[in-house]
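> entry20.pdb is the file, holding PDB, C-alpha atoms, pLDDT in the B column:
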ATOM      1  CA  MET A 946      25.579  25.862  -8.949  1.00 49.00           C
ATOM      2  CA  TYR A 947      22.911  23.485  -7.813  1.00 55.00           C
ATOM      3  CA  CYS A 948      19.570  23.517  -6.096  1.00 54.00           C
ATOM      4  CA  VAL A 949      19.242  22.289  -2.539  1.00 53.00           C
ATOM      5  CA  ARG A 950      16.014  20.563  -1.696  1.00 50.00           C
ATOM      6  CA  ASN A 951      14.885  22.570   1.281  1.00 44.00           C
ATOM      7  CA  ILE A 952      11.119  22.402   1.034  1.00 47.00           C
ATOM      8  CA  PRO A 953       9.077  19.489   2.411  1.00 45.00           C
ATOM      9  CA  PHE A 954       7.232  18.170  -0.626  1.00 48.00           C
ATOM     10  CA  ARG A 955       6.018  14.972   1.007  1.00 52.00           C
ATOM     11  CA  PRO A 956       3.629  15.664   3.889  1.00 48.00           C
ATOM     12  CA  LYS A 957       4.652  14.146   7.201  1.00 51.00           C
ATOM     13  CA  GLY A 958       2.413  11.478   8.665  1.00 51.00           C
ATOM     14  CA  GLY A 959       1.710   9.864   5.326  1.00 49.00           C
ATOM     15  CA  GLY A 960      -0.996  12.283   4.259  1.00 45.00           C
ATOM     16  CA  PRO A 961      -2.243  12.532   0.718  1.00 44.00           C
ATOM     17  CA  HIS A 962       0.513  13.330  -1.735  1.00 47.00           C
ATOM     18  CA  PRO A 963      -0.438  16.471  -3.661  1.00 45.00           C
ATOM     19  CA  TYR A 964       2.144  15.925  -6.353  1.00 43.00           C
ATOM     20  CA  THR A 965       3.546  12.641  -7.517  1.00 46.00           C
ATOM     21  CA  GLN A 966       7.045  13.897  -8.228  1.00 54.00           C
ATOM     22  CA  VAL A 967       9.063  17.073  -7.844  1.00 59.00           C
ATOM     23  CA  LYS A 968      11.888  18.037 -10.172  1.00 64.00           C
ATOM     24  CA  PHE A 969      14.463  20.747  -9.443  1.00 67.00           C
ATOM     25  CA  SER A 970      16.363  22.880 -11.879  1.00 71.00           C
ATOM     26  CA  PHE A 971      18.384  26.059 -11.738  1.00 73.00           C
ATOM     27  CA  ASN A 972      17.436  29.091 -13.769  1.00 73.00           C
ATOM     28  CA  MET A 973      20.803  30.644 -14.681  1.00 75.00           C
ATOM     29  CA  SER A 974      19.520  34.008 -15.910  1.00 78.00           C
ATOM     30  CA  ALA A 975      17.263  34.564 -12.900  1.00 73.00           C
ATOM     31  CA  GLN A 976      19.781  32.947 -10.493  1.00 73.00           C
ATOM     32  CA  ARG A 977      17.152  31.047  -8.631  1.00 73.00           C
ATOM     33  CA  CYS A 978      15.937  27.521  -8.098  1.00 68.00           C
ATOM     34  CA  VAL A 979      12.845  26.343  -9.916  1.00 70.00           C
ATOM     35  CA  VAL A 980      10.626  23.561  -8.592  1.00 65.00           C
ATOM     36  CA  HIS A 981       8.644  21.618 -11.166  1.00 63.00           C
ATOM     37  CA  HIS A 982       5.709  19.530 -10.075  1.00 57.00           C
ATOM     38  CA  VAL A 983       5.476  16.600 -12.401  1.00 60.00           C
ATOM     39  CA  ILE A 984       1.996  15.157 -12.577  1.00 58.00           C
ATOM     40  CA  PRO A 985       1.608  11.943 -14.567  1.00 57.00           C
ATOM     41  CA  PRO A 986      -0.633  12.265 -17.640  1.00 58.00           C
ATOM     42  CA  PRO A 987      -4.114  10.783 -17.167  1.00 60.00           C
ATOM     43  CA  PHE A 988      -3.488   7.845 -19.477  1.00 58.00           C
ATOM     44  CA  LEU A 989      -0.627   6.709 -17.242  1.00 57.00           C
ATOM     45  CA  LEU A 990      -2.795   7.095 -14.159  1.00 54.00           C
ATOM     46  CA  SER A 991      -5.477   4.967 -15.782  1.00 57.00           C
ATOM     47  CA  LEU A 992      -2.876   2.249 -16.426  1.00 57.00           C
ATOM     48  CA  GLY A 993      -1.982   2.183 -12.766  1.00 53.00           C
ATOM     49  CA  TYR A 994       1.183   4.252 -13.016  1.00 53.00           C
ATOM     50  CA  ASN A 995       0.226   6.480 -10.144  1.00 51.00           C
ATOM     51  CA  THR A 996       3.358   7.059  -8.134  1.00 57.00           C
ATOM     52  CA  ALA A 997       1.525   8.257  -5.051  1.00 70.00           C
ATOM     53  CA  ALA A 998       1.414   5.610  -2.348  1.00 81.00           C
ATOM     54  CA  GLU A 999      -1.970   4.043  -1.916  1.00 86.00           C
ATOM     55  CA  THR A1000      -3.430   2.395   1.152  1.00 89.00           C
ATOM     56  CA  VAL A1001      -4.597  -1.198   1.085  1.00 91.00           C
ATOM     57  CA  LYS A1002      -7.353  -2.090   3.527  1.00 90.00           C
ATOM     58  CA  VAL A1003      -8.276  -5.360   5.203  1.00 89.00           C
ATOM     59  CA  PRO A1004     -10.454  -7.184   2.638  1.00 86.00           C
ATOM     60  CA  PRO A1005     -13.868  -8.714   3.415  1.00 82.00           C
ATOM     61  CA  MET A1006     -13.127 -12.243   4.616  1.00 77.00           C
ATOM     62  CA  ALA A1007     -16.451 -14.049   4.774  1.00 71.00           C
ATOM     63  CA  GLU A1008     -20.040 -13.368   5.666  1.00 71.00           C
ATOM     64  CA  SER A1009     -20.443 -12.416   9.348  1.00 73.00           C
ATOM     65  CA  ILE A1010     -16.690 -12.235   9.890  1.00 77.00           C
ATOM     66  CA  SER A1011     -15.634  -8.696  10.557  1.00 85.00           C
ATOM     67  CA  GLU A1012     -12.241  -9.178  12.144  1.00 87.00           C
ATOM     68  CA  GLY A1013      -9.285 -11.499  12.339  1.00 89.00           C
ATOM     69  CA  THR A1014      -5.785 -11.731  13.701  1.00 90.00           C
ATOM     70  CA  LEU A1015      -2.904 -10.568  11.566  1.00 92.00           C
ATOM     71  CA  ARG A1016      -0.705 -13.654  11.571  1.00 90.00           C
ATOM     72  CA  THR A1017       2.306 -12.807   9.429  1.00 91.00           C
ATOM     73  CA  TRP A1018       3.683 -10.142   7.179  1.00 94.00           C
ATOM     74  CA  SER A1019       5.093 -11.874   4.108  1.00 93.00           C
ATOM     75  CA  LYS A1020       6.714  -8.613   3.041  1.00 93.00           C
ATOM     76  CA  GLN A1021       8.480  -5.833   4.900  1.00 92.00           C
ATOM     77  CA  VAL A1022       8.854  -2.117   4.261  1.00 90.00           C
ATOM     78  CA  GLY A1023      11.018  -1.592   1.181  1.00 88.00           C
ATOM     79  CA  ASP A1024      10.200  -4.968  -0.354  1.00 90.00           C
ATOM     80  CA  PHE A1025       9.029  -5.148  -3.933  1.00 91.00           C
ATOM     81  CA  VAL A1026       5.796  -7.028  -4.583  1.00 91.00           C
ATOM     82  CA  ALA A1027       4.400  -8.202  -7.881  1.00 90.00           C
ATOM     83  CA  ALA A1028       0.731  -7.652  -8.669  1.00 89.00           C
ATOM     84  CA  ASP A1029      -1.450 -10.081  -6.705  1.00 89.00           C
ATOM     85  CA  GLU A1030       1.479 -11.262  -4.598  1.00 91.00           C
ATOM     86  CA  GLU A1031       0.745 -12.186  -0.987  1.00 91.00           C
ATOM     87  CA  VAL A1032       1.635  -9.450   1.508  1.00 93.00           C
ATOM     88  CA  ALA A1033      -0.072 -10.515   4.725  1.00 92.00           C
ATOM     89  CA  THR A1034      -1.950 -13.446   6.211  1.00 90.00           C
ATOM     90  CA  ILE A1035      -4.972 -12.920   8.429  1.00 89.00           C
ATOM     91  CA  GLU A1036      -6.279 -15.763  10.577  1.00 86.00           C
ATOM     92  CA  THR A1037     -10.006 -15.773  11.152  1.00 81.00           C
ATOM     93  CA  ASP A1038     -11.711 -16.799  14.345  1.00 67.00           C
ATOM     94  CA  LYS A1039     -12.675 -20.463  14.576  1.00 53.00           C
ATOM     95  CA  VAL A1040     -15.845 -19.744  16.618  1.00 51.00           C
ATOM     96  CA  PHE A1041     -17.262 -17.436  14.031  1.00 46.00           C
ATOM     97  CA  LEU A1042     -16.645 -20.000  11.335  1.00 45.00           C
ATOM     98  CA  PHE A1043     -18.371 -22.684  13.415  1.00 47.00           C
ATOM     99  CA  LEU A1044     -21.517 -20.562  13.686  1.00 47.00           C
ATOM    100  CA  PHE A1045     -21.268 -19.748  10.034  1.00 48.00           C
ATOM    101  CA  ASN A1046     -21.302 -23.474   9.220  1.00 47.00           C
ATOM    102  CA  VAL A1047     -24.395 -24.124  11.313  1.00 49.00           C
ATOM    103  CA  PHE A1048     -26.443 -21.653   9.354  1.00 49.00           C
ATOM    104  CA  ALA A1049     -25.018 -22.573   5.976  1.00 46.00           C
TER
ATOM    105  CA  MET B 873     -22.622 -29.544   9.802  1.00 48.00           C
ATOM    106  CA  LEU B 874     -21.478 -29.535  13.391  1.00 49.00           C
ATOM    107  CA  THR B 875     -17.870 -30.324  12.660  1.00 53.00           C
ATOM    108  CA  THR B 876     -15.472 -27.702  13.841  1.00 57.00           C
ATOM    109  CA  HIS B 877     -14.029 -25.909  10.911  1.00 57.00           C
ATOM    110  CA  PRO B 878     -10.271 -25.373  10.960  1.00 62.00           C
ATOM    111  CA  GLN B 879      -9.128 -21.806  11.126  1.00 67.00           C
ATOM    112  CA  ILE B 880      -9.109 -20.259   7.716  1.00 71.00           C
ATOM    113  CA  ASP B 881      -6.250 -18.038   6.695  1.00 79.00           C
ATOM    114  CA  VAL B 882      -7.103 -15.135   4.470  1.00 84.00           C
ATOM    115  CA  THR B 883      -4.253 -13.777   2.412  1.00 88.00           C
ATOM    116  CA  VAL B 884      -4.029 -10.123   1.524  1.00 91.00           C
ATOM    117  CA  ASN B 885      -2.495  -9.605  -1.884  1.00 91.00           C
ATOM    118  CA  ALA B 886      -0.980  -6.560  -3.501  1.00 91.00           C
ATOM    119  CA  PRO B 887      -3.448  -4.807  -5.826  1.00 89.00           C
ATOM    120  CA  LYS B 888      -0.606  -3.986  -8.213  1.00 88.00           C
ATOM    121  CA  ALA B 889       3.144  -4.253  -8.457  1.00 89.00           C
ATOM    122  CA  GLY B 890       5.045  -1.833  -6.275  1.00 89.00           C
ATOM    123  CA  THR B 891       7.093  -1.250  -3.177  1.00 89.00           C
ATOM    124  CA  ILE B 892       5.800  -1.562   0.360  1.00 91.00           C
ATOM    125  CA  VAL B 893       6.267   1.824   2.020  1.00 89.00           C
ATOM    126  CA  GLU B 894       4.455   1.351   5.318  1.00 90.00           C
ATOM    127  CA  LEU B 895       2.920  -1.449   7.387  1.00 93.00           C
ATOM    128  CA  LEU B 896       0.007  -0.149   9.440  1.00 93.00           C
ATOM    129  CA  ALA B 897      -0.579  -3.136  11.738  1.00 93.00           C
ATOM    130  CA  GLN B 898       1.522  -5.390  13.948  1.00 93.00           C
ATOM    131  CA  GLU B 899       1.660  -9.179  13.823  1.00 93.00           C
ATOM    132  CA  GLU B 900      -0.745 -10.850  16.284  1.00 93.00           C
ATOM    133  CA  GLN B 901      -2.864  -7.695  16.240  1.00 94.00           C
ATOM    134  CA  THR B 902      -6.620  -7.938  15.700  1.00 93.00           C
ATOM    135  CA  VAL B 903      -7.612  -6.281  12.442  1.00 93.00           C
ATOM    136  CA  THR B 904     -11.088  -5.292  11.274  1.00 92.00           C
ATOM    137  CA  VAL B 905     -12.479  -5.477   7.741  1.00 90.00           C
ATOM    138  CA  GLY B 906     -11.957  -2.119   6.061  1.00 90.00           C
ATOM    139  CA  GLN B 907      -9.085  -1.111   8.324  1.00 92.00           C
ATOM    140  CA  ASP B 908      -5.987   0.376   6.683  1.00 92.00           C
ATOM    141  CA  LEU B 909      -3.427  -2.416   6.466  1.00 93.00           C
ATOM    142  CA  PHE B 910      -0.413  -1.272   4.461  1.00 93.00           C
ATOM    143  CA  LYS B 911       0.721   1.308   1.966  1.00 90.00           C
ATOM    144  CA  ILE B 912       2.159   0.483  -1.405  1.00 90.00           C
ATOM    145  CA  GLU B 913       3.855   2.759  -3.892  1.00 87.00           C
ATOM    146  CA  PRO B 914       3.111   1.470  -7.384  1.00 83.00           C
ATOM    147  CA  GLY B 915       6.064   1.003  -9.710  1.00 79.00           C
ATOM    148  CA  ASP B 916       8.176  -1.580 -11.459  1.00 71.00           C
ATOM    149  CA  ARG B 917      11.011  -3.602  -9.981  1.00 62.00           C
ATOM    150  CA  THR B 918      13.938  -1.432 -11.060  1.00 52.00           C
ATOM    151  CA  SER B 919      12.583   1.847  -9.737  1.00 47.00           C
ATOM    152  CA  SER B 920       9.870   2.677  -7.284  1.00 44.00           C
ATOM    153  CA  SER B 921       8.612   5.400  -9.591  1.00 48.00           C
ATOM    154  CA  PRO B 922       8.453   5.678 -13.379  1.00 50.00           C
ATOM    155  CA  TYR B 923       9.533   9.293 -12.987  1.00 51.00           C
ATOM    156  CA  SER B 924      12.593   8.650 -10.839  1.00 49.00           C
ATOM    157  CA  HIS B 925      14.985   9.323 -13.743  1.00 50.00           C
ATOM    158  CA  MET B 926      14.052  13.022 -13.561  1.00 47.00           C
TER
END
As structure tokens - that is how I would like this structure written.


Amino acid sequence: MYCVRNIPFRPKGGGPHPYTQVKFSFNMSAQRCVVHHVIPPPFLLSLGYNTAAETVKVPPMAESISEGTLRTWSKQVGDFVAADEEVATIETDKVFLFLFNVFA
Amino acid sequence: MLTTHPQIDVTVNAPKAGTIVELLAQEEQTVTVGQDLFKIEPGDRTSSSPYSHM
């Protein structure tokens, strides 16, 4: 006897993940499936072991520059990245930089 | 002072080790500071989650 995963535990559309992990077991005496929500202990969360996906935003590039052109993705979906490894390259606008130099 | 500055590339680095789960922008697309860029699921190299053995 085994449990079939038939409940959507990851919200569609990439919404916030209420639980980091779901574990299934089968209760023999009650003859029913049991769903365990496994939440990492706080000390693991504080070390960065949060398994919920987090969103990375476009970082501030320079004073007075608010946008740029995404040039290349160095990584694709499914790729592993080490901490501080390059993921994307954003090219800033030359004109903005020229003005920035004048006032520097 | 009036020399044209070459275009400066800004690299976006991963805040921590993990697996890329979603890219939220296309190449050649204009992106704004503060815009969501990609999603990463923290974890080590062998498994995307420290709880995946369960």

> Tell me which of A:Ala1007, A:Phe1025, A:Gln976, A:Phe971 sits closest to chain B, counting only C-alpha atoms.

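Among the listed residues, the smallest separation from chain B belongs to A:Phe1025.
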
> Residues of chain A were defined as contacting chain B if any atom lay at most 6 Å from it, counting all atoms listed in the file; please report them as a ChimeraX atom specification.

/A:996,998-1005,1011-1017,1022-1037,1039,1043,1047

> Build an axis-aligned box that encloses every atom of region 881-896 of chain B listed in the file, pad it by 3 Å on each side, and report its centre and edge lengths in Å to one decimal, as lines of an AutoDock Vina configuration file.


center_x = 0.0
center_y = -8.1
center_z = 0.5
size_x = 20.2
size_y = 25.9
size_z = 23.9
